[in-house]
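Engineer: Once you've had a glance at the structure underneath, I'll fire off some questions.
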Amino acid sequence: MHDIMASTISGDDAIEIRTLQNAIQFFLRQPGPRILILANLGFLIARTIMDAWSRADCWVVIAVAISWHFQERLVHEYFLHMKARRLLTSAMLKRLSANHRQHHRDPWRTRTLLIASRAYLYAIPSVVIVLLGLTRNIQLTLTGSFAYFFTLLCYEWAHCLIHTSYEPRSEWYRRRWRNHRLHHFKNSQHWFGITSPLWDTLLGSRPDPSDIQTRKDWRGPNPMD
């Protein structure tokens with residue numbers, strides 16, 4: 001285990017990060033979050049200079065925010081955990097699942113903690129094309145793209161922070177921290193929600209931990225402390 005020197009994090013173990021300041025510094029040094037920040041600025045500036053904001057923009061933001069949490073839950077279970085085996089025929093989807101399995105084998109390794117930067121070469125144009133097809137409006141497409149990738153940025157930050165040694169200070173964060181750590185260190189077939197445990201409750205994947213057998217022999221500090 002490498003030491004924390006001043007405000008600089010060395011090594012490749014997120015468990016070394018113990019303060020919120022160090023977590024923010026680490027997060028902003030990663031290429032994925034930087035790409036998301038630049039993309040969000042681009043979408044926001046482009047939308048602002050094109051036309052006045054309208055009520056339709058608000059509805060698009062609300063729709064994207066609601067759909068994100070449902071999408072997050074389903075993608076995590078059916079794609080990253082290989083439940084949609086018949087659909088996982090492309091090399092890209094299989095690679096995503098393989099990367100996620102590696103993340104479960106070594107959950108503190110920062111290399112597999114965040115979405116790979118190369119994935120945004122496909123994700124950003126794909127989201128824009130889908131939104132343009134749905135809205136048939138460039139302004140609403142820019143609004144929806146900003147809402148989607150801003151939500152993704154929040155997701156990446158929450159996931160990153162949960163995998164550090166930073167202790168939860170609020171009940172809101174503790175609920176998400178506990179839900180995701182149960183997924184990693186209790187049983188990976190449950191607790192799929194990260195930014196929102198609500199869908200786990202609605203879809204029956206948030207059981208009482210005492211009723212579930214622990215499937216991983218974790219060596220090291222108790223990750224649920």
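Numbering starts fresh at 1 for the residues of each chain in the structure tokens, the chains themselves are lettered A, B, ... in the order given, and ligands are numbered from 1 as they appear.
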What lies within 9 Å of Ala116 of chain A using only C-alpha atoms, ignoring chain neighbours under 4 positions off, as a PyMOL selection string?

Structural biologist: chain A and resi 31-32+111-112+120

Engineer: Report the residues of segment 67-186 of chain A whose backbone DSSP state falls under alpha helix (DSSP H), written as a PyMOL selection string.

Structural biologist: chain A and resi 67-75+91-105+120-135+138-162+171-185

Engineer: What is the atom CA of Leu140 of chain A to atom CA of Val61 of chain A distance in Å?

Structural biologist: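 Value for the atom CA of Leu140 of chain A-atom CA of Val61 of chain A distance: 9.2 Å.
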
Engineer: With only C-alpha atoms as the atoms that count, which of A:Trp53, A:Phe79, A:Trp157, A:Tyr148 lies nearest to Pro33 of chain A?

Structural biologist: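 Comparing A:Trp53, A:Phe79, A:Trp157, A:Tyr148 against Pro33 of chain A, the winner is A:Trp157.
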
Engineer: Would you list, as a CSV table (one decimal) with N, CA and C atoms, in the first residue's frame, the residues of segment 3-209 of chain A that end up in strand (DSSP E or B) under DSSP run on this structure's backbone?

Structural biologist:
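Output (states.csv):
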```
chain,number,residue,atom,x,y,z
A,5,MET,N,1.1,11.2,0.1
A,5,MET,CA,2.1,12.3,0.3
A,5,MET,C,1.4,13.6,0.0
A,8,THR,N,-1.2,14.6,-2.9
A,8,THR,CA,-1.0,13.8,-4.1
A,8,THR,C,-1.2,12.3,-3.8
A,13,ASP,N,-4.4,2.4,-6.2
A,13,ASP,CA,-5.4,1.8,-5.3
A,13,ASP,C,-6.3,3.0,-4.8
A,109,ARG,N,-8.9,-1.0,-7.7
A,109,ARG,CA,-8.0,-0.7,-8.8
A,109,ARG,C,-8.6,0.5,-9.6
```

Engineer: Can you list, as a ChimeraX atom specification, every protein, DNA or RNA residue that comes within 7 Å of segment 37-51 of chain A when you count only C-alpha atoms, leaving out same-chain residues fewer than 3 positions away?

Structural biologist: /A:33-34,139,142-143,145-146,149-150

Engineer: Which neighbours of Leu161 of chain A fall inside 12 Å, counting only C-alpha atoms, when residues of the same chain fewer than 3 positions from it are skipped, and could you give them as a VMD selection string?

Structural biologist: chain A and resid 14 to 27 108 110 113 to 114 154 to 158 164 to 168 173 to 174 176 to 177 180 to 181 194 to 195

Engineer: Save out the residues we just selected, N, CA and C atoms, as an mmCIF file, in the first residue's frame.

Structural biologist:
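Once written, out_31.cif looks like this:
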```cif
data_model
loop_
_atom_site.group_PDB
_atom_site.id
_atom_site.type_symbol
_atom_site.label_atom_id
_atom_site.label_comp_id
_atom_site.auth_asym_id
_atom_site.auth_seq_id
_atom_site.Cartn_x
_atom_site.Cartn_y
_atom_site.Cartn_z
ATOM 1 N N ALA A 14 -7.603 2.931 -5.130
ATOM 2 C CA ALA A 14 -8.508 3.976 -4.678
ATOM 3 C C ALA A 14 -8.685 3.946 -3.168
ATOM 4 N N ILE A 15 -8.420 2.798 -2.540
ATOM 5 C CA ILE A 15 -8.587 2.686 -1.098
ATOM 6 C C ILE A 15 -7.623 3.607 -0.353
ATOM 7 N N GLU A 16 -6.575 4.082 -1.029
ATOM 8 C CA GLU A 16 -5.635 5.001 -0.414
ATOM 9 C C GLU A 16 -6.225 6.395 -0.237
ATOM 10 N N ILE A 17 -7.259 6.714 -1.003
ATOM 11 C CA ILE A 17 -7.834 8.055 -0.973
ATOM 12 C C ILE A 17 -8.776 8.166 0.226
ATOM 13 N N ARG A 18 -8.467 9.067 1.156
ATOM 14 C CA ARG A 18 -9.215 9.132 2.407
ATOM 15 C C ARG A 18 -9.931 10.465 2.637
ATOM 16 N N THR A 19 -9.630 11.481 1.874
ATOM 17 C CA THR A 19 -10.266 12.777 2.075
ATOM 18 C C THR A 19 -11.019 13.184 0.815
ATOM 19 N N LEU A 20 -12.007 14.038 1.002
ATOM 20 C CA LEU A 20 -12.798 14.513 -0.131
ATOM 21 C C LEU A 20 -11.926 15.330 -1.085
ATOM 22 N N GLN A 21 -11.011 16.111 -0.543
ATOM 23 C CA GLN A 21 -10.120 16.912 -1.379
ATOM 24 C C GLN A 21 -9.272 16.023 -2.282
ATOM 25 N N ASN A 22 -8.693 14.973 -1.715
ATOM 26 C CA ASN A 22 -7.883 14.066 -2.523
ATOM 27 C C ASN A 22 -8.720 13.326 -3.563
ATOM 28 N N ALA A 23 -9.967 12.990 -3.196
ATOM 29 C CA ALA A 23 -10.853 12.312 -4.140
ATOM 30 C C ALA A 23 -11.168 13.217 -5.329
ATOM 31 N N ILE A 24 -11.433 14.495 -5.065
ATOM 32 C CA ILE A 24 -11.716 15.448 -6.144
ATOM 33 C C ILE A 24 -10.493 15.608 -7.036
ATOM 34 N N GLN A 25 -9.310 15.741 -6.420
ATOM 35 C CA GLN A 25 -8.085 15.887 -7.193
ATOM 36 C C GLN A 25 -7.835 14.671 -8.078
ATOM 37 N N PHE A 26 -8.031 13.498 -7.515
ATOM 38 C CA PHE A 26 -7.857 12.276 -8.299
ATOM 39 C C PHE A 26 -8.847 12.227 -9.455
ATOM 40 N N PHE A 27 -10.108 12.518 -9.170
ATOM 41 C CA PHE A 27 -11.169 12.431 -10.172
ATOM 42 C C PHE A 27 -10.891 13.368 -11.345
ATOM 43 N N TRP A 108 -10.731 -1.957 -5.902
ATOM 44 C CA TRP A 108 -10.004 -0.746 -5.520
ATOM 45 C C TRP A 108 -9.085 -0.250 -6.636
ATOM 46 N N THR A 110 -7.902 1.599 -9.625
ATOM 47 C CA THR A 110 -8.444 2.770 -10.309
ATOM 48 C C THR A 110 -8.508 2.581 -11.821
ATOM 49 N N LEU A 113 -11.969 1.529 -12.583
ATOM 50 C CA LEU A 113 -12.991 2.192 -11.782
ATOM 51 C C LEU A 113 -13.904 3.089 -12.617
ATOM 52 N N LEU A 114 -13.330 3.779 -13.600
ATOM 53 C CA LEU A 114 -14.078 4.736 -14.401
ATOM 54 C C LEU A 114 -14.245 4.228 -15.837
ATOM 55 N N CYS A 154 -22.046 12.948 -12.891
ATOM 56 C CA CYS A 154 -22.416 12.754 -11.477
ATOM 57 C C CYS A 154 -22.320 11.278 -11.089
ATOM 58 N N TYR A 155 -22.732 10.401 -11.988
ATOM 59 C CA TYR A 155 -22.621 8.962 -11.751
ATOM 60 C C TYR A 155 -21.165 8.547 -11.560
ATOM 61 N N GLU A 156 -20.291 8.997 -12.463
ATOM 62 C CA GLU A 156 -18.875 8.647 -12.379
ATOM 63 C C GLU A 156 -18.266 9.157 -11.068
ATOM 64 N N TRP A 157 -18.653 10.358 -10.650
ATOM 65 C CA TRP A 157 -18.131 10.910 -9.401
ATOM 66 C C TRP A 157 -18.607 10.090 -8.202
ATOM 67 N N ALA A 158 -19.905 9.766 -8.171
ATOM 68 C CA ALA A 158 -20.441 8.981 -7.054
ATOM 69 C C ALA A 158 -19.782 7.609 -6.988
ATOM 70 N N THR A 164 -13.463 4.763 -2.684
ATOM 71 C CA THR A 164 -12.348 5.282 -1.905
ATOM 72 C C THR A 164 -12.602 4.996 -0.427
ATOM 73 N N SER A 165 -11.686 5.429 0.417
ATOM 74 C CA SER A 165 -11.856 5.265 1.859
ATOM 75 C C SER A 165 -12.481 6.488 2.512
ATOM 76 N N TYR A 166 -13.029 7.378 1.695
ATOM 77 C CA TYR A 166 -13.728 8.538 2.242
ATOM 78 C C TYR A 166 -14.992 8.075 2.947
ATOM 79 N N GLU A 167 -15.182 8.490 4.183
ATOM 80 C CA GLU A 167 -16.310 8.031 4.985
ATOM 81 C C GLU A 167 -17.558 8.862 4.704
ATOM 82 N N PRO A 168 -18.711 8.222 4.544
ATOM 83 C CA PRO A 168 -19.957 8.956 4.294
ATOM 84 C C PRO A 168 -20.271 9.938 5.432
ATOM 85 N N TYR A 173 -25.745 10.092 0.966
ATOM 86 C CA TYR A 173 -24.590 9.418 0.389
ATOM 87 C C TYR A 173 -24.375 8.043 1.013
ATOM 88 N N ARG A 174 -24.604 7.932 2.318
ATOM 89 C CA ARG A 174 -24.405 6.642 2.990
ATOM 90 C C ARG A 174 -25.304 5.574 2.395
ATOM 91 N N ARG A 176 -26.339 5.248 -0.693
ATOM 92 C CA ARG A 176 -25.761 4.810 -1.960
ATOM 93 C C ARG A 176 -24.439 4.081 -1.752
ATOM 94 N N TRP A 177 -23.655 4.565 -0.819
ATOM 95 C CA TRP A 177 -22.386 3.911 -0.461
ATOM 96 C C TRP A 177 -22.637 2.481 -0.003
ATOM 97 N N HIS A 180 -24.007 0.072 -2.929
ATOM 98 C CA HIS A 180 -23.016 -0.395 -3.904
ATOM 99 C C HIS A 180 -21.975 -1.303 -3.260
ATOM 100 N N ARG A 181 -21.628 -1.055 -2.018
ATOM 101 C CA ARG A 181 -20.658 -1.933 -1.366
ATOM 102 C C ARG A 181 -21.264 -3.304 -1.048
ATOM 103 N N ILE A 194 -26.642 2.525 -8.289
ATOM 104 C CA ILE A 194 -25.491 3.269 -7.775
ATOM 105 C C ILE A 194 -25.922 4.686 -7.387
ATOM 106 N N THR A 195 -26.384 5.472 -8.348
ATOM 107 C CA THR A 195 -26.839 6.810 -7.992
ATOM 108 C C THR A 195 -28.237 6.798 -7.388
#
```

Engineer: Neighbours of Leu131 of chain A within 8 Å (only C-alpha atoms; same-chain residues fewer than 5 positions away dropped), as a ChimeraX atom specification?

Structural biologist: /A:136,141,144-145

Engineer: Please write the residues from the selection above to a file, keeping N, CA and C atoms, as a PDB file, in the first residue's frame.

Structural biologist:
```
ATOM      1  N   ARG A 136     -36.325  15.498 -32.949  1.00  0.00           N
ATOM      2  CA  ARG A 136     -36.388  16.178 -34.251  1.00  0.00           C
ATOM      3  C   ARG A 136     -36.130  17.680 -34.090  1.00  0.00           C
ATOM      4  N   THR A 141     -32.081  18.545 -28.617  1.00  0.00           N
ATOM      5  CA  THR A 141     -31.015  17.542 -28.648  1.00  0.00           C
ATOM      6  C   THR A 141     -29.822  18.001 -27.828  1.00  0.00           C
ATOM      7  N   GLY A 144     -30.844  17.802 -24.150  1.00  0.00           N
ATOM      8  CA  GLY A 144     -30.843  16.419 -23.689  1.00  0.00           C
ATOM      9  C   GLY A 144     -29.446  15.847 -23.573  1.00  0.00           C
ATOM     10  N   SER A 145     -28.568  16.206 -24.500  1.00  0.00           N
ATOM     11  CA  SER A 145     -27.183  15.724 -24.447  1.00  0.00           C
ATOM     12  C   SER A 145     -26.478  16.271 -23.214  1.00  0.00           C
TER      13      SER A 145
END
```

Engineer: Tell me which of A:Asn99, A:Gln71, A:Thr135, A:Asn187 sits closest to Ala56 of chain A, counting only C-alpha atoms.

Structural biologist: A:Thr135

Engineer: Excluding same-chain residues fewer than 4 positions from Arg178 of chain A, what lies within 12 Å of it counting only C-alpha atoms, as a ChimeraX atom specification?

Structural biologist: /A:159,162-163,167-168,170-174,182-186,191-197,206,209,223-225

Engineer: Just the selected residues (C-alpha atoms), exported as a CSV table (one decimal), in the first residue's frame, please.

Structural biologist:
```
chain,number,residue,atom,x,y,z
A,159,HIS,CA,-19.0,5.6,-8.2
A,162,ILE,CA,-17.7,5.0,-3.1
A,163,HIS,CA,-14.6,3.1,-4.0
A,167,GLU,CA,-16.3,8.0,5.0
A,168,PRO,CA,-20.0,9.0,4.3
A,170,SER,CA,-24.6,12.4,4.9
A,171,GLU,CA,-27.5,9.9,5.0
A,172,TRP,CA,-28.1,10.5,1.3
A,173,TYR,CA,-24.6,9.4,0.4
A,174,ARG,CA,-24.4,6.6,3.0
A,182,LEU,CA,-23.2,-4.6,-0.6
A,183,HIS,CA,-23.2,-5.3,-4.4
A,184,HIS,CA,-19.4,-5.7,-4.4
A,185,PHE,CA,-18.7,-7.4,-1.1
A,186,LYS,CA,-22.0,-9.2,-0.2
A,191,TRP,CA,-28.0,-4.1,-5.2
A,192,PHE,CA,-27.4,-2.9,-8.8
A,193,GLY,CA,-28.3,0.8,-8.3
A,194,ILE,CA,-25.5,3.3,-7.8
A,195,THR,CA,-26.8,6.8,-8.0
A,196,SER,CA,-30.4,5.7,-7.1
A,197,PRO,CA,-31.2,2.5,-5.0
A,206,ARG,CA,-32.6,-4.8,-2.6
A,209,PRO,CA,-28.5,-8.4,3.7
A,223,PRO,CA,-15.3,-2.7,3.3
A,224,MET,CA,-18.7,-2.3,5.1
A,225,ASP,CA,-17.2,-0.5,8.1
```
